[in-house]
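> What follows is protein26.txt; its format and atoms are compact mmCIF, C-alpha atoms.
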# COMPACT_ATOMS: atom_id res chain seq x y z
CA MET C 1 -18.29 9.26 -12.42
CA ASN C 2 -18.27 11.92 -9.73
CA ALA C 3 -15.91 14.84 -9.52
CA PHE C 4 -13.54 15.19 -6.62
CA PHE C 5 -11.38 18.10 -5.70
CA ILE C 6 -7.66 18.15 -5.01
CA LYS C 7 -6.70 20.47 -2.19
CA ASN C 8 -3.13 21.71 -2.52
CA LEU C 9 -1.64 22.35 0.88
CA MET C 10 1.70 23.82 -0.02
CA ILE C 11 1.20 27.22 1.61
CA VAL C 12 -1.39 26.85 4.33
CA PRO C 13 -0.99 24.08 6.93
CA ILE C 14 -4.15 22.17 7.77
CA LEU C 15 -5.74 21.16 11.04
CA PHE C 16 -8.08 18.21 11.34
CA GLY C 17 -10.61 17.22 13.95
CA THR C 18 -11.17 13.62 15.06
CA LEU C 19 -14.34 11.61 14.39
CA LEU C 20 -15.15 7.99 15.13
CA LEU C 21 -15.62 5.67 12.18
CA THR C 22 -18.18 2.90 12.00
CA ALA C 23 -17.23 -0.75 11.56
CA GLN C 24 -14.10 -0.17 13.67
CA LEU C 25 -12.02 0.89 10.69
CA PRO C 26 -9.58 3.72 11.35
CA ASN C 27 -10.17 7.26 10.14
CA THR C 28 -7.56 7.55 7.39
CA GLU C 29 -6.94 10.05 4.63
CA LEU C 30 -4.94 10.14 1.41
CA PHE C 31 -2.27 12.70 0.55
CA MET C 32 0.10 13.08 -2.38
CA ILE C 33 3.46 14.85 -2.24
CA THR C 34 5.01 16.25 -5.42
CA PHE C 35 8.77 16.82 -5.34
CA ASP C 36 11.12 18.78 -7.57
CA ASP C 37 14.36 17.38 -9.02
CA ASP C 38 16.16 17.91 -5.71
CA SER C 39 13.48 16.02 -3.73
CA THR C 40 12.29 19.30 -2.23
CA ILE C 41 8.54 19.42 -1.63
CA GLU C 42 6.70 21.40 -4.30
CA LYS C 43 3.22 20.75 -2.95
CA VAL C 44 1.19 18.51 -0.69
CA SER C 45 -2.27 17.58 -2.00
CA TYR C 46 -5.19 16.22 -0.01
CA LEU C 47 -6.93 13.64 -2.22
CA SER C 48 -9.68 12.10 -0.06
CA ASP C 49 -11.98 15.11 0.21
CA PHE C 50 -14.58 13.03 -1.68
CA ASN C 51 -14.88 10.77 1.41
CA PRO C 52 -13.82 12.82 4.45
CA ASN C 53 -13.52 11.43 7.98
CA GLN C 54 -13.80 7.86 6.72
CA TYR C 55 -11.52 4.97 5.75
CA ASN C 56 -9.36 5.77 2.69
CA ASN C 57 -6.35 3.50 2.63
CA GLN C 58 -3.89 1.29 0.71
CA ALA C 59 -3.47 3.65 -2.24
CA VAL C 60 -1.31 2.67 -5.24
CA PHE C 61 -0.47 4.33 -8.54
CA ILE C 62 -1.64 2.47 -11.63
CA SER C 63 -0.40 5.21 -13.98
CA ASP C 64 1.00 8.72 -13.65
CA ASN C 65 -2.50 10.13 -13.18
CA GLU C 66 -4.54 7.20 -11.82
CA ILE C 67 -4.72 5.79 -8.31
CA LEU C 68 -6.49 2.80 -6.79
CA LEU C 69 -7.38 2.78 -3.10
CA THR C 70 -9.58 1.05 -0.56
CA THR C 71 -12.54 3.17 0.56
CA GLN C 72 -15.33 2.61 3.03
CA TRP C 73 -18.36 3.86 1.16
CA ASP C 74 -20.90 1.96 3.25
CA GLU C 75 -21.10 1.19 6.94
CA ASN C 76 -20.40 -2.53 6.73
CA ASN C 77 -17.87 -3.01 3.93
CA THR C 78 -15.09 -1.54 1.82
CA ASP C 79 -14.74 -1.26 -1.94
CA ILE C 80 -12.07 -0.25 -4.45
CA THR C 81 -12.05 3.30 -5.78
CA LYS C 82 -10.18 4.78 -8.75
CA LEU C 83 -9.08 8.41 -8.82
CA ASN C 84 -8.14 10.13 -12.05
CA LEU C 85 -5.98 13.13 -11.16
CA GLN C 86 -6.01 14.57 -14.67
CA ALA C 87 -9.79 14.39 -15.13
CA ASN C 88 -10.41 15.12 -11.44
CA THR C 89 -12.86 12.21 -11.13
CA VAL C 90 -13.56 9.40 -8.70
CA LYS C 91 -15.06 6.04 -9.68
CA ARG C 92 -16.21 3.20 -7.47
CA LEU C 93 -14.88 0.04 -9.13
CA THR C 94 -16.45 -2.54 -6.83
CA ASN C 95 -19.81 -2.47 -5.10
CA THR C 96 -20.20 -5.90 -3.55
CA LEU C 97 -21.62 -7.48 -0.41
CA GLU C 98 -18.05 -8.55 0.39
CA SER C 99 -15.23 -6.22 1.43
CA GLU C 100 -12.26 -5.67 -0.87
CA TYR C 101 -8.86 -4.44 0.29
CA SER C 102 -5.29 -3.98 -0.96
CA PRO C 103 -5.80 -3.15 -4.65
CA ASN C 104 -2.96 -3.60 -7.11
CA ILE C 105 -2.63 -3.52 -10.87
CA ASN C 106 -1.97 -6.85 -12.57
CA GLY C 107 -0.41 -5.46 -15.74
CA ASP C 108 -2.93 -6.84 -18.22
CA GLY C 109 -5.95 -4.57 -17.89
CA SER C 110 -7.00 -6.06 -14.58
CA PHE C 111 -6.58 -5.30 -10.91
CA THR C 112 -6.37 -7.60 -7.93
CA VAL C 113 -7.67 -7.34 -4.38
CA VAL C 114 -7.89 -9.24 -1.14
CA ARG C 115 -11.58 -10.04 -0.73
CA VAL C 116 -13.17 -10.92 2.59
CA GLU C 117 -15.90 -13.42 1.74
CA GLN C 118 -19.43 -13.37 3.12
CA ASP C 119 -18.51 -15.71 5.97
CA GLU C 120 -16.37 -12.75 7.18
CA THR C 121 -13.48 -15.15 7.81
CA THR C 122 -12.19 -16.42 4.47
CA GLN C 123 -9.84 -14.04 2.63
CA ASN C 124 -9.07 -14.78 -1.01
CA LEU C 125 -7.07 -13.08 -3.74
CA TRP C 126 -9.44 -11.93 -6.51
CA GLU C 127 -8.95 -10.43 -9.96
CA TYR C 128 -11.28 -7.93 -11.66
CA PRO C 129 -11.09 -6.25 -15.08
CA LEU C 130 -10.52 -2.50 -15.04
CA SER C 131 -13.17 -2.37 -17.78
CA LEU C 132 -15.66 -3.87 -15.29
CA ASP C 133 -17.11 -6.08 -18.03
CA ASN C 134 -17.38 -9.08 -15.71
CA GLU C 135 -17.72 -9.77 -12.00
CA GLY C 136 -14.21 -11.06 -11.45
CA SER C 137 -12.93 -14.38 -10.15
CA ILE C 138 -10.55 -15.92 -7.61
CA LEU C 139 -7.02 -15.56 -8.95
CA VAL C 140 -5.40 -18.55 -7.26
CA GLU C 141 -6.90 -21.34 -5.16
CA ASN C 142 -5.84 -22.59 -1.72
CA THR C 143 -3.80 -19.58 -0.73
CA GLY C 144 -4.85 -19.64 2.92
CA GLN C 145 -5.87 -16.45 4.69
CA VAL C 146 -4.26 -13.75 2.55
CA GLY C 147 -3.72 -10.37 4.17
CA TYR C 148 -1.50 -8.62 1.60
CA TYR C 149 0.36 -9.59 -1.56
CA GLN C 150 2.67 -8.45 -4.34
CA HIS C 151 2.92 -9.57 -7.97
CA LEU C 152 6.38 -10.79 -9.00
CA PRO C 153 7.90 -11.93 -12.34
CA ASN C 154 6.92 -15.23 -14.02
CA LEU C 155 3.44 -15.33 -12.42
CA ASN C 156 4.83 -15.56 -8.90
CA ILE C 157 2.88 -13.83 -6.14
CA ALA C 158 4.18 -12.99 -2.68
CA LEU C 159 1.54 -13.60 -0.02
CA PHE C 160 1.22 -12.29 3.52
CA VAL C 161 -0.50 -15.35 5.04
CA ILE C 162 -2.32 -15.19 8.36
CA GLU C 163 -1.90 -18.36 10.39
CA GLU C 164 -3.14 -18.17 13.97
CA ASP C 165 -1.03 -15.41 15.56
CA GLN C 166 1.74 -15.59 12.94
CA TYR C 167 2.08 -13.66 9.69
CA HIS C 168 4.41 -15.44 7.30
CA LEU C 169 5.62 -14.95 3.74
CA GLU C 170 4.75 -17.46 1.04
CA ILE C 171 5.41 -17.42 -2.69
CA ILE C 172 2.81 -19.05 -4.94
CA ASN C 173 3.06 -19.58 -8.68
CA GLN C 174 -0.16 -18.99 -10.62
CA ARG C 175 0.74 -21.54 -13.27
CA SER C 176 1.89 -24.45 -11.12
CA GLN C 177 -0.07 -23.51 -7.99
CA GLN C 178 3.00 -24.52 -5.99
CA LYS C 179 3.62 -22.69 -2.72
CA LYS C 180 6.78 -22.11 -0.74
CA LYS C 181 7.19 -20.57 2.70
CA ILE C 182 9.97 -17.96 2.73
CA ASP C 183 9.88 -16.26 6.14
CA GLN C 184 8.15 -16.87 9.45
CA ASN C 185 7.25 -13.45 10.90
CA ILE C 186 6.83 -10.49 8.57
CA GLY C 187 5.40 -6.99 8.31
CA ARG C 188 2.50 -5.92 6.13
CA CYS C 189 4.45 -3.88 3.57
CA PHE C 190 5.47 -5.44 0.23
CA LYS C 191 7.23 -3.61 -2.59
CA ARG C 192 8.61 -4.78 -5.93
CA SER C 193 11.94 -3.41 -7.13
CA LYS C 194 12.78 -2.62 -10.74
CA LYS C 195 14.73 -5.89 -10.81
CA GLY C 196 11.55 -7.75 -9.91
CA GLU C 197 12.69 -8.55 -6.39
CA LEU C 198 10.36 -8.49 -3.41
CA ILE C 199 11.21 -6.00 -0.67
CA TYR C 200 9.63 -6.86 2.68
CA LEU C 201 10.09 -6.48 6.42
CA SER C 202 11.20 -9.44 8.52
CA LYS C 203 10.36 -9.07 12.19
CA SER C 204 12.70 -10.11 14.98
CA THR C 205 12.17 -10.97 18.64
CA THR C 206 15.17 -8.77 19.46
CA GLY C 207 13.30 -5.62 18.48
CA LYS C 208 15.53 -4.89 15.47
CA ASN C 209 13.56 -5.66 12.35
CA ASP C 210 15.21 -6.08 8.95
CA ILE C 211 14.16 -4.97 5.49
CA MET C 212 14.90 -7.86 3.17
CA THR C 213 15.08 -8.56 -0.55
CA TYR C 214 13.87 -11.84 -2.02
CA ASN C 215 14.43 -13.05 -5.58
CA ALA C 216 11.86 -15.68 -6.54
CA MET C 217 13.88 -16.68 -9.62
CA ASN C 218 16.89 -17.93 -7.69
CA ASP C 219 15.20 -18.35 -4.28
CA ARG C 220 17.69 -15.99 -2.65
CA LYS C 221 17.01 -13.51 0.14
CA GLN C 222 19.34 -11.05 1.78
CA LYS C 223 19.25 -8.15 4.19
CA LEU C 224 18.88 -4.69 2.66
CA ALA C 225 18.74 -2.57 5.83
CA THR C 226 17.87 -2.55 9.49
CA ALA C 227 14.40 -1.03 9.80
CA LEU C 228 13.80 2.30 11.51
CA GLY C 229 12.82 1.35 15.07
CA ASP C 230 9.33 -0.16 15.14
CA ALA C 231 8.27 1.43 11.82
CA VAL C 232 6.76 -1.02 9.32
CA ASP C 233 5.80 1.07 6.28
CA PHE C 234 8.28 1.88 3.53
CA CYS C 235 8.54 2.57 -0.20
CA LEU C 236 11.12 2.82 -2.98
CA TYR C 237 11.37 6.39 -4.28
CA GLY C 238 12.83 7.73 -7.52
CA ASN C 239 15.02 6.26 -10.24
CA LEU C 240 17.56 5.12 -7.65
CA GLU C 241 14.82 3.43 -5.60
CA GLN C 242 15.73 5.31 -2.45
CA LEU C 243 14.47 3.40 0.59
CA ILE C 244 12.03 5.60 2.53
CA MET C 245 10.32 4.77 5.84
CA ALA C 246 7.51 6.59 7.65
CA LYS C 247 7.41 7.10 11.40
CA ASP C 248 4.84 9.31 13.13
CA ASN C 249 4.79 12.66 11.27
CA ALA C 250 8.06 12.27 9.36
CA LEU C 251 9.69 10.53 6.42
CA TYR C 252 13.22 9.12 6.68
CA ARG C 253 15.61 7.98 3.96
CA TYR C 254 18.16 5.23 4.32
CA ASP C 255 21.82 6.17 3.80
CA ALA C 256 23.47 2.92 2.70
CA ALA C 257 26.96 4.41 3.05
CA THR C 258 26.53 4.90 6.79
CA SER C 259 23.73 2.34 7.40
CA THR C 260 21.67 5.05 9.09
CA TRP C 261 18.23 6.60 8.68
CA LEU C 262 18.25 10.34 8.03
CA LEU C 263 15.30 12.71 8.46
CA TRP C 264 14.05 13.49 4.96
CA HIS C 265 10.86 15.52 5.49
CA ASP C 266 8.87 16.54 8.56
CA LEU C 267 5.21 16.71 7.49
CA ALA C 268 3.76 18.01 10.75
CA PRO C 269 3.31 21.51 9.24
CA TYR C 270 0.79 19.98 6.82
CA GLY C 271 -1.29 18.43 9.59
CA LEU C 272 0.05 14.87 9.24
CA LYS C 273 0.67 13.11 12.51
CA ARG C 274 0.73 9.37 11.83
CA ILE C 275 1.98 8.46 8.38
CA THR C 276 1.46 4.84 7.39
CA ARG C 277 1.28 3.25 3.93
CA MET C 278 3.11 4.79 0.97
CA ASP C 279 3.52 4.32 -2.77
CA ALA C 280 5.82 6.18 -5.15
CA ARG C 281 5.82 6.89 -8.87
CA GLY C 282 8.14 9.34 -10.58
CA ASN C 283 8.42 12.45 -8.42
CA GLN C 284 5.16 11.78 -6.60
CA LEU C 285 4.54 10.01 -3.31
CA LEU C 286 1.20 8.75 -2.00
CA LEU C 287 0.82 8.39 1.73
CA ILE C 288 -1.88 7.63 4.26
CA ASN C 289 -2.38 9.68 7.40
CA ASN C 290 -4.08 7.80 10.24
CA LYS C 291 -6.24 10.19 12.26
CA SER C 292 -7.57 7.56 14.70
Could I get this file's structure written as structure tokens?


Amino acid sequence: MNAFFIKNLMIVPILFGTLLLTAQLPNTELFMITFDDDSTIEKVSYLSDFNPNQYNNQAVFISDNEILLTTQWDENNTDITKLNLQANTVKRLTNTLESEYSPNINGDGSFTVVRVEQDETTQNLWEYPLSLDNEGSILVENTGQVGYYQHLPNLNIALFVIEEDQYHLEIINQRSQQKKKIDQNIGRCFKRSKKGELIYLSKSTTGKNDIMTYNAMNDRKQKLATALGDAVDFCLYGNLEQLIMAKDNALYRYDAATSTWLLWHDLAPYGLKRITRMDARGNQLLLINNKS
């Protein structure tokens, strides 16, 4: 394990330069916001100082103090990294010839990833033990070209499937291996609510995208909100699962009573200009800033 250092940015705003990244991956960095009970920012921490000016993306909490993310350690591929905030350590979980993306915890001592195989075309959903006592295996067969995914109750998995120029939503059951197409044109962001429902973005040709809920148990989907303009990244924050979207340098919260998006926090003073993916746990929020 190697140590990494958390830079707290509560008082002094930061300025970043711009560098080009090899392998055409964007220059992205990981931040964490800690809020107080009133959702006021207590501090903003820069967490990717261990790999500056590189690709650090798709971060998710696996516990209160542990984070998985996709990191480009080498020029030609990406691997999965684990940060321990309490121990202040960083550990490279995968070190393969293939590239792994989109880590997520599977709830049984394992984590899952989208793995780009050596033909650089096939994308499969793989499972690895957090203990790293074996080399992992394909989680489900015949999923098609998986881009992103989300684990759901009763061994159901939501899949973002790439098919020519379309990105559609499918649900596959690990036990039966049965698949069902749910939506035709979707965004990349998947979240799971406390009820076990999938929250996703359904794209429209009218320019007004919708954030939807889907219940795999009763095969029911319904509209939750109209998305914020062309924004595609969102998360569910806090005990009430407040719907938050990111656009440029700011975070917005959805007011269900008025069906409007309200400015929640402007993060420009902390040097963030293009906020993308997010994940929330307790009073903490992970987010990616795209510097490219």

> As a ChimeraX atom specification, please: the residues near Asn84 (chain C) (cut-off 10 Å, only C-alpha atoms, same-chain neighbours under 4 positions excluded).

/C:3-4,63-68,88-91

> What are the closest atom pairs, with distances in Å to one decimal, for each residue of region 152-264 of chain C lying within 7 Å of region 122-145 of chain C, using all atoms listed in the file, rows by chain and rising residue number, as a tab-separated table?


residue	atom	partner	partner_atom	distance
C:Val161	CA	C:Gln145	CA	5.5
C:Ile162	CA	C:Gln145	CA	5.3
C:Gln174	CA	C:Val140	CA	6.2

> May I ask for the distance between CA of Asn173 (chain C) and CA of Asn215 (chain C), given in Å to one decimal place?

13.5 Å

> Any idea what the distance is between CA of Asp219 (chain C) and CA of Arg277 (chain C)?

27.0 Å

> Determine, for each residue of region 52-166 of chain C having at least one atom at most 10 Å from an atom of region 185-192 of chain C, the closest pair of atoms and their separation in Å to one decimal, counting only C-alpha atoms; order by chain and ascending number, as JSON lines.


{"residue": "C:Gly147", "atom": "CA", "partner": "C:Arg188", "partner_atom": "CA", "distance": 7.9}
{"residue": "C:Tyr148", "atom": "CA", "partner": "C:Arg188", "partner_atom": "CA", "distance": 6.6}
{"residue": "C:Tyr149", "atom": "CA", "partner": "C:Phe190", "partner_atom": "CA", "distance": 6.8}
{"residue": "C:Gln150", "atom": "CA", "partner": "C:Phe190", "partner_atom": "CA", "distance": 6.1}
{"residue": "C:His151", "atom": "CA", "partner": "C:Arg192", "partner_atom": "CA", "distance": 7.7}
{"residue": "C:Leu152", "atom": "CA", "partner": "C:Arg192", "partner_atom": "CA", "distance": 7.1}
{"residue": "C:Pro153", "atom": "CA", "partner": "C:Arg192", "partner_atom": "CA", "distance": 9.6}
{"residue": "C:Ala158", "atom": "CA", "partner": "C:Phe190", "partner_atom": "CA", "distance": 8.2}
{"residue": "C:Leu159", "atom": "CA", "partner": "C:Phe190", "partner_atom": "CA", "distance": 9.1}
{"residue": "C:Phe160", "atom": "CA", "partner": "C:Arg188", "partner_atom": "CA", "distance": 7.0}
{"residue": "C:Val161", "atom": "CA", "partner": "C:Ile186", "partner_atom": "CA", "distance": 9.5}
{"residue": "C:Asp165", "atom": "CA", "partner": "C:Asn185", "partner_atom": "CA", "distance": 9.7}
{"residue": "C:Gln166", "atom": "CA", "partner": "C:Asn185", "partner_atom": "CA", "distance": 6.3}

> Can you tell me how far CA of Cys235 (chain C) sits from CA of Leu169 (chain C), in Å to one decimal?

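That distance, rounded to one decimal, is 18.2 Å.
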
> For Met217 (chain C), which of C:Leu155, C:Glu241, C:Ser99, C:Asp79 is the closest residue, counting only C-alpha atoms?

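Under the stated criterion, the closest residue is C:Leu155.
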
> Using all atoms listed in the file, which of C:Ala246, C:Glu98, C:Ile172, C:Gly107 sits nearest Asp279 (chain C)?

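That would be C:Ala246, the residue with the smallest distance to Asp279 (chain C).
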
> For a quick check of understanding, using all atoms listed in the file, which of C:Leu97, C:Val232, C:Ala256, C:Met278 has the smallest distance to Leu69 (chain C)?

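Looking only at the distances to Leu69 (chain C), the closest residue turns out to be C:Met278.
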
> Got a sec: who's within 12 Å of Asp37 (chain C), counting all atoms listed in the file, leaving out chain neighbours fewer than 4 positions off, as a ChimeraX atom specification?

/C:41-42,238-239,282-284

> From the set C:Asp255, C:Glu170, C:Asp108, C:Asp248, which residue has the shortest atom-to-atom contact distance to Asn290 (chain C), counting only C-alpha atoms?

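Residue with the minimum atom-to-atom distance to Asn290 (chain C): C:Asp248.
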
> Rank nothing, just name the residue among C:Ala59, C:Leu83, C:Val44, C:Leu262 nearest to Ala280 (chain C), using only C-alpha atoms.

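Looking only at the distances to Ala280 (chain C), the closest residue turns out to be C:Ala59.
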
> Which residue out of C:Ala225, C:Phe50, C:Tyr214, C:Asn249 has the minimum interatomic distance to Asp266 (chain C) when all atoms listed in the file are used?

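Among the listed residues, the smallest separation from Asp266 (chain C) belongs to C:Asn249.
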
> Excluding same-chain residues fewer than 3 positions from Asn209 (chain C), what lies within 12 Å of it counting only C-alpha atoms, as a PyMOL selection string?

chain C and resi 185-187+200-206+212+223-233
